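So this block is my_file.pdb, PDB, C-alpha atoms:
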ATOM      1  CA  MET A1362      47.216 -16.166   5.726  1.00  0.00           C
ATOM      2  CA  GLY A1363      44.190 -13.871   6.073  1.00  0.00           C
ATOM      3  CA  GLU A1364      40.576 -14.564   5.427  1.00  0.00           C
ATOM      4  CA  LEU A1365      39.525 -16.020   2.115  1.00  0.00           C
ATOM      5  CA  LYS A1366      37.157 -13.887   0.050  1.00  0.00           C
ATOM      6  CA  ALA A1367      33.976 -15.504  -1.282  1.00  0.00           C
ATOM      7  CA  ILE A1368      31.039 -14.661  -3.530  1.00  0.00           C
ATOM      8  CA  ILE A1369      27.717 -16.459  -3.161  1.00  0.00           C
ATOM      9  CA  ALA A1370      25.537 -16.783  -6.264  1.00  0.00           C
ATOM     10  CA  ASP A1371      21.995 -18.111  -6.044  1.00  0.00           C
ATOM     11  CA  ASP A1372      18.728 -16.888  -7.500  1.00  0.00           C
ATOM     12  CA  GLU A1373      16.979 -17.585  -4.183  1.00  0.00           C
ATOM     13  CA  GLU A1374      17.688 -14.872  -1.630  1.00  0.00           C
ATOM     14  CA  ASN A1375      16.889 -17.089   1.369  1.00  0.00           C
ATOM     15  CA  VAL A1376      19.491 -19.638   0.213  1.00  0.00           C
ATOM     16  CA  ARG A1377      22.134 -16.898  -0.085  1.00  0.00           C
ATOM     17  CA  TYR A1378      21.402 -15.765   3.489  1.00  0.00           C
ATOM     18  CA  LEU A1379      21.452 -19.354   4.763  1.00  0.00           C
ATOM     19  CA  LEU A1380      24.875 -19.945   3.185  1.00  0.00           C
ATOM     20  CA  MET A1381      26.188 -16.683   4.656  1.00  0.00           C
ATOM     21  CA  ASP A1382      24.933 -17.684   8.113  1.00  0.00           C
ATOM     22  CA  LEU A1383      26.540 -21.135   7.842  1.00  0.00           C
ATOM     23  CA  ILE A1384      29.878 -19.652   6.839  1.00  0.00           C
ATOM     24  CA  LYS A1385      29.755 -17.240   9.786  1.00  0.00           C
ATOM     25  CA  SER A1386      28.633 -19.831  12.332  1.00  0.00           C
ATOM     26  CA  PHE A1387      31.432 -22.290  11.508  1.00  0.00           C
ATOM     27  CA  HIS A1388      34.198 -19.632  11.687  1.00  0.00           C
ATOM     28  CA  LEU A1389      35.797 -20.895   8.489  1.00  0.00           C
ATOM     29  CA  GLY A1390      38.015 -17.885   7.872  1.00  0.00           C
ATOM     30  CA  ILE A1391      35.906 -16.899   4.886  1.00  0.00           C
ATOM     31  CA  GLN A1392      34.603 -13.390   4.301  1.00  0.00           C
ATOM     32  CA  VAL A1393      31.545 -13.158   2.049  1.00  0.00           C
ATOM     33  CA  ALA A1394      32.523 -10.175  -0.079  1.00  0.00           C
ATOM     34  CA  ALA A1395      29.341 -10.117  -2.158  1.00  0.00           C
ATOM     35  CA  GLN A1396      26.285 -12.028  -3.196  1.00  0.00           C
ATOM     36  CA  ALA A1397      24.673 -12.296  -6.605  1.00  0.00           C
ATOM     37  CA  GLY A1398      21.177 -13.216  -7.701  1.00  0.00           C
ATOM     38  CA  GLY A1399      22.385 -14.831 -10.930  1.00  0.00           C
ATOM     39  CA  GLY A1400      25.331 -15.955 -13.002  1.00  0.00           C
ATOM     40  CA  GLU A1401      25.819 -12.774 -15.010  1.00  0.00           C
ATOM     41  CA  GLU A1402      25.931 -10.669 -11.850  1.00  0.00           C
ATOM     42  CA  ALA A1403      28.311 -13.168 -10.232  1.00  0.00           C
ATOM     43  CA  LEU A1404      30.631 -13.018 -13.243  1.00  0.00           C
ATOM     44  CA  LYS A1405      30.813  -9.216 -13.012  1.00  0.00           C
ATOM     45  CA  LEU A1406      31.532  -9.438  -9.284  1.00  0.00           C
ATOM     46  CA  CYS A1407      34.253 -12.046  -9.853  1.00  0.00           C
ATOM     47  CA  ARG A1408      35.959  -9.798 -12.401  1.00  0.00           C
ATOM     48  CA  THR A1409      35.884  -6.878  -9.979  1.00  0.00           C
ATOM     49  CA  LEU A1410      36.486  -8.502  -6.584  1.00  0.00           C
ATOM     50  CA  LYS A1411      38.677 -11.450  -7.640  1.00  0.00           C
ATOM     51  CA  PRO A1412      37.430 -13.810  -4.915  1.00  0.00           C
ATOM     52  CA  ASP A1413      39.181 -16.963  -3.744  1.00  0.00           C
ATOM     53  CA  ILE A1414      35.927 -18.936  -3.623  1.00  0.00           C
ATOM     54  CA  LEU A1415      32.656 -18.911  -5.562  1.00  0.00           C
ATOM     55  CA  ILE A1416      29.711 -20.723  -3.985  1.00  0.00           C
ATOM     56  CA  SER A1417      27.071 -21.055  -6.675  1.00  0.00           C
ATOM     57  CA  ASP A1418      23.787 -22.709  -7.444  1.00  0.00           C
ATOM     58  CA  ILE A1419      23.908 -24.805 -10.602  1.00  0.00           C
ATOM     59  CA  ARG A1420      20.400 -23.956 -11.766  1.00  0.00           C
ATOM     60  CA  MET A1421      19.797 -20.251 -12.173  1.00  0.00           C
ATOM     61  CA  PRO A1422      17.885 -18.409 -14.876  1.00  0.00           C
ATOM     62  CA  GLY A1423      19.997 -16.983 -17.684  1.00  0.00           C
ATOM     63  CA  CYS A1424      23.631 -17.808 -16.974  1.00  0.00           C
ATOM     64  CA  ASP A1425      23.623 -20.969 -14.847  1.00  0.00           C
ATOM     65  CA  GLY A1426      26.439 -22.202 -12.630  1.00  0.00           C
ATOM     66  CA  ILE A1427      28.057 -24.338 -15.341  1.00  0.00           C
ATOM     67  CA  ARG A1428      28.178 -21.448 -17.811  1.00  0.00           C
ATOM     68  CA  LEU A1429      29.561 -19.246 -15.053  1.00  0.00           C
ATOM     69  CA  LEU A1430      32.347 -21.750 -14.376  1.00  0.00           C
ATOM     70  CA  GLU A1431      33.136 -21.997 -18.093  1.00  0.00           C
ATOM     71  CA  ALA A1432      33.360 -18.194 -18.339  1.00  0.00           C
ATOM     72  CA  LEU A1433      35.692 -18.027 -15.331  1.00  0.00           C
ATOM     73  CA  ASN A1434      37.883 -20.776 -16.785  1.00  0.00           C
ATOM     74  CA  GLY A1435      38.018 -18.883 -20.083  1.00  0.00           C
ATOM     75  CA  MET A1436      39.320 -15.835 -18.227  1.00  0.00           C
ATOM     76  CA  ASN A1437      41.993 -17.929 -16.453  1.00  0.00           C
ATOM     77  CA  MET A1438      40.686 -16.885 -13.050  1.00  0.00           C
ATOM     78  CA  GLU A1439      41.879 -19.117 -10.231  1.00  0.00           C
ATOM     79  CA  ILE A1440      38.752 -19.406  -8.134  1.00  0.00           C
ATOM     80  CA  ALA A1441      37.679 -22.486  -6.184  1.00  0.00           C
ATOM     81  CA  CYS A1442      34.065 -23.210  -7.136  1.00  0.00           C
ATOM     82  CA  ILE A1443      31.585 -24.954  -4.875  1.00  0.00           C
ATOM     83  CA  PHE A1444      28.232 -25.864  -6.373  1.00  0.00           C
ATOM     84  CA  VAL A1445      25.052 -26.266  -4.356  1.00  0.00           C
ATOM     85  CA  SER A1446      21.760 -27.337  -5.806  1.00  0.00           C
TER      86      SER A1446
END

Show me, as structure tokens, the structure contained in the file I just sent.
Amino acid sequence: MGELKAIIADDEENVRYLLMDLIKSFHLGIQVAAQAGGGEEALKLCRTLKPDILISDIRMPGCDGIRLLEALNGMNMEIACIFVS
């Protein structure tokens, strides 16, 4: 099996970069395909890129992590979601 594709969603840019660095440093077999500054952007990226994993903050302005998860579930997308807060 190849690398898993992930999207990181957090409204704080430094947190997104920290998560990307952690994923790289632990050699987890995960490729960060994109990062989003909010839930709406993450939802668009998930529709387009169809990632295996979404790593998301729960508290974000606008569409928060819970709403994002509900939207993904409503679209029957099989994405493992990891929440950080």

Q. Once the PyMOL selection byres ((chain A and resi 1409-1414) around 9) has been applied to the shown file, what residues remain in the selection, as a PyMOL selection string?
A. chain A and resi 1365-1369+1391+1394-1395+1404-1408+1415-1416+1438-1443

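Atom pair atom CA of A:Asn1375 / atom CA of A:Gly1363 has a distance of 27.9 Å (rounded to one decimal).
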
(Q) What does the structure give for the distance between atom CA of A:Val1376 and atom CA of A:Glu1402, in Å to one decimal? (A)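 Atom-to-atom, atom CA of A:Val1376 and atom CA of A:Glu1402 are spaced 16.4 Å apart.
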
**Q.** Straight-line distance linking atom CA of A:Leu1429 with atom CA of A:Glu1401, stated in Å to one decimal
**A.** 7.5 Å

Q: Evaluate the PyMOL selection byres ((chain A and resi 1420) around 10) on the structure here and hand back the selected residues as a list in words.
A: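 Output from the PyMOL selection byres ((chain A and resi 1420) around 10), applied to this file: Asp1371, Asp1372, Gly1399, Gly1400, Ser1417, Asp1418, Ile1419, Met1421, Pro1422, Gly1423, Cys1424, Asp1425, Gly1426, Ile1427, Phe1444, Val1445 and Ser1446 of chain A.
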
Padding 4 Å on every side, please: axis-aligned box over the listed atoms of stretch 1388-1402 of chain A, centre and edge lengths to one decimal in Å, as JSON.
{"center_x": 29.6, "center_y": -15.5, "center_z": -1.7, "size_x": 24.8, "size_y": 18.8, "size_z": 34.7}

Can you sort out stretch 1389-1409 of chain A so it carries N, CA, C and O atoms, written as a short mmCIF file (atom, residue, chain, number, x, y, z; two decimals), in the frame of the given file?
data_model
loop_
_atom_site.label_atom_id
_atom_site.label_comp_id
_atom_site.auth_asym_id
_atom_site.auth_seq_id
_atom_site.Cartn_x
_atom_site.Cartn_y
_atom_site.Cartn_z
N LEU A 1389 34.95 -20.25 9.48
CA LEU A 1389 35.80 -20.90 8.49
C LEU A 1389 36.92 -20.02 7.96
O LEU A 1389 37.70 -20.46 7.12
N GLY A 1390 37.00 -18.78 8.40
CA GLY A 1390 38.02 -17.89 7.87
C GLY A 1390 37.68 -17.40 6.48
O GLY A 1390 38.57 -17.14 5.67
N ILE A 1391 36.38 -17.34 6.20
CA ILE A 1391 35.91 -16.90 4.89
C ILE A 1391 35.05 -15.65 5.06
O ILE A 1391 34.13 -15.64 5.87
N GLN A 1392 35.38 -14.63 4.31
CA GLN A 1392 34.60 -13.39 4.30
C GLN A 1392 33.74 -13.40 3.04
O GLN A 1392 34.26 -13.54 1.94
N VAL A 1393 32.43 -13.27 3.21
CA VAL A 1393 31.54 -13.16 2.05
C VAL A 1393 31.62 -11.71 1.57
O VAL A 1393 31.10 -10.81 2.21
N ALA A 1394 32.30 -11.52 0.45
CA ALA A 1394 32.52 -10.18 -0.08
C ALA A 1394 31.31 -9.64 -0.81
O ALA A 1394 31.10 -8.43 -0.86
N ALA A 1395 30.52 -10.55 -1.40
CA ALA A 1395 29.34 -10.12 -2.16
C ALA A 1395 28.44 -11.31 -2.40
O ALA A 1395 28.84 -12.46 -2.26
N GLN A 1396 27.22 -10.99 -2.78
CA GLN A 1396 26.28 -12.03 -3.20
C GLN A 1396 25.61 -11.58 -4.48
O GLN A 1396 25.45 -10.39 -4.73
N ALA A 1397 25.27 -12.58 -5.30
CA ALA A 1397 24.67 -12.30 -6.60
C ALA A 1397 23.40 -13.12 -6.78
O ALA A 1397 23.34 -14.26 -6.33
N GLY A 1398 22.43 -12.54 -7.45
CA GLY A 1398 21.18 -13.22 -7.70
C GLY A 1398 21.18 -14.04 -8.98
O GLY A 1398 20.18 -14.66 -9.31
N GLY A 1399 22.29 -14.07 -9.69
CA GLY A 1399 22.38 -14.83 -10.93
C GLY A 1399 23.81 -14.91 -11.43
O GLY A 1399 24.71 -14.27 -10.90
N GLY A 1400 24.00 -15.71 -12.47
CA GLY A 1400 25.33 -15.96 -13.00
C GLY A 1400 26.00 -14.75 -13.63
O GLY A 1400 27.20 -14.54 -13.45
N GLU A 1401 25.23 -13.96 -14.36
CA GLU A 1401 25.82 -12.77 -15.01
C GLU A 1401 26.33 -11.78 -13.96
O GLU A 1401 27.43 -11.24 -14.09
N GLU A 1402 25.53 -11.57 -12.93
CA GLU A 1402 25.93 -10.67 -11.85
C GLU A 1402 27.16 -11.23 -11.13
O GLU A 1402 28.10 -10.49 -10.81
N ALA A 1403 27.17 -12.53 -10.90
CA ALA A 1403 28.31 -13.17 -10.23
C ALA A 1403 29.58 -13.02 -11.06
O ALA A 1403 30.66 -12.77 -10.51
N LEU A 1404 29.47 -13.16 -12.37
CA LEU A 1404 30.63 -13.02 -13.24
C LEU A 1404 31.20 -11.61 -13.15
O LEU A 1404 32.43 -11.44 -13.04
N LYS A 1405 30.35 -10.61 -13.16
CA LYS A 1405 30.81 -9.22 -13.01
C LYS A 1405 31.51 -9.02 -11.68
O LYS A 1405 32.57 -8.39 -11.60
N LEU A 1406 30.92 -9.57 -10.61
CA LEU A 1406 31.53 -9.44 -9.28
C LEU A 1406 32.88 -10.15 -9.21
O LEU A 1406 33.81 -9.66 -8.58
N CYS A 1407 32.98 -11.31 -9.85
CA CYS A 1407 34.25 -12.05 -9.85
C CYS A 1407 35.34 -11.25 -10.57
O CYS A 1407 36.49 -11.21 -10.12
N ARG A 1408 34.98 -10.62 -11.67
CA ARG A 1408 35.96 -9.80 -12.40
C ARG A 1408 36.46 -8.66 -11.52
O ARG A 1408 37.64 -8.34 -11.52
N THR A 1409 35.55 -8.04 -10.79
CA THR A 1409 35.88 -6.88 -9.98
C THR A 1409 36.58 -7.24 -8.67
O THR A 1409 37.61 -6.67 -8.33
#
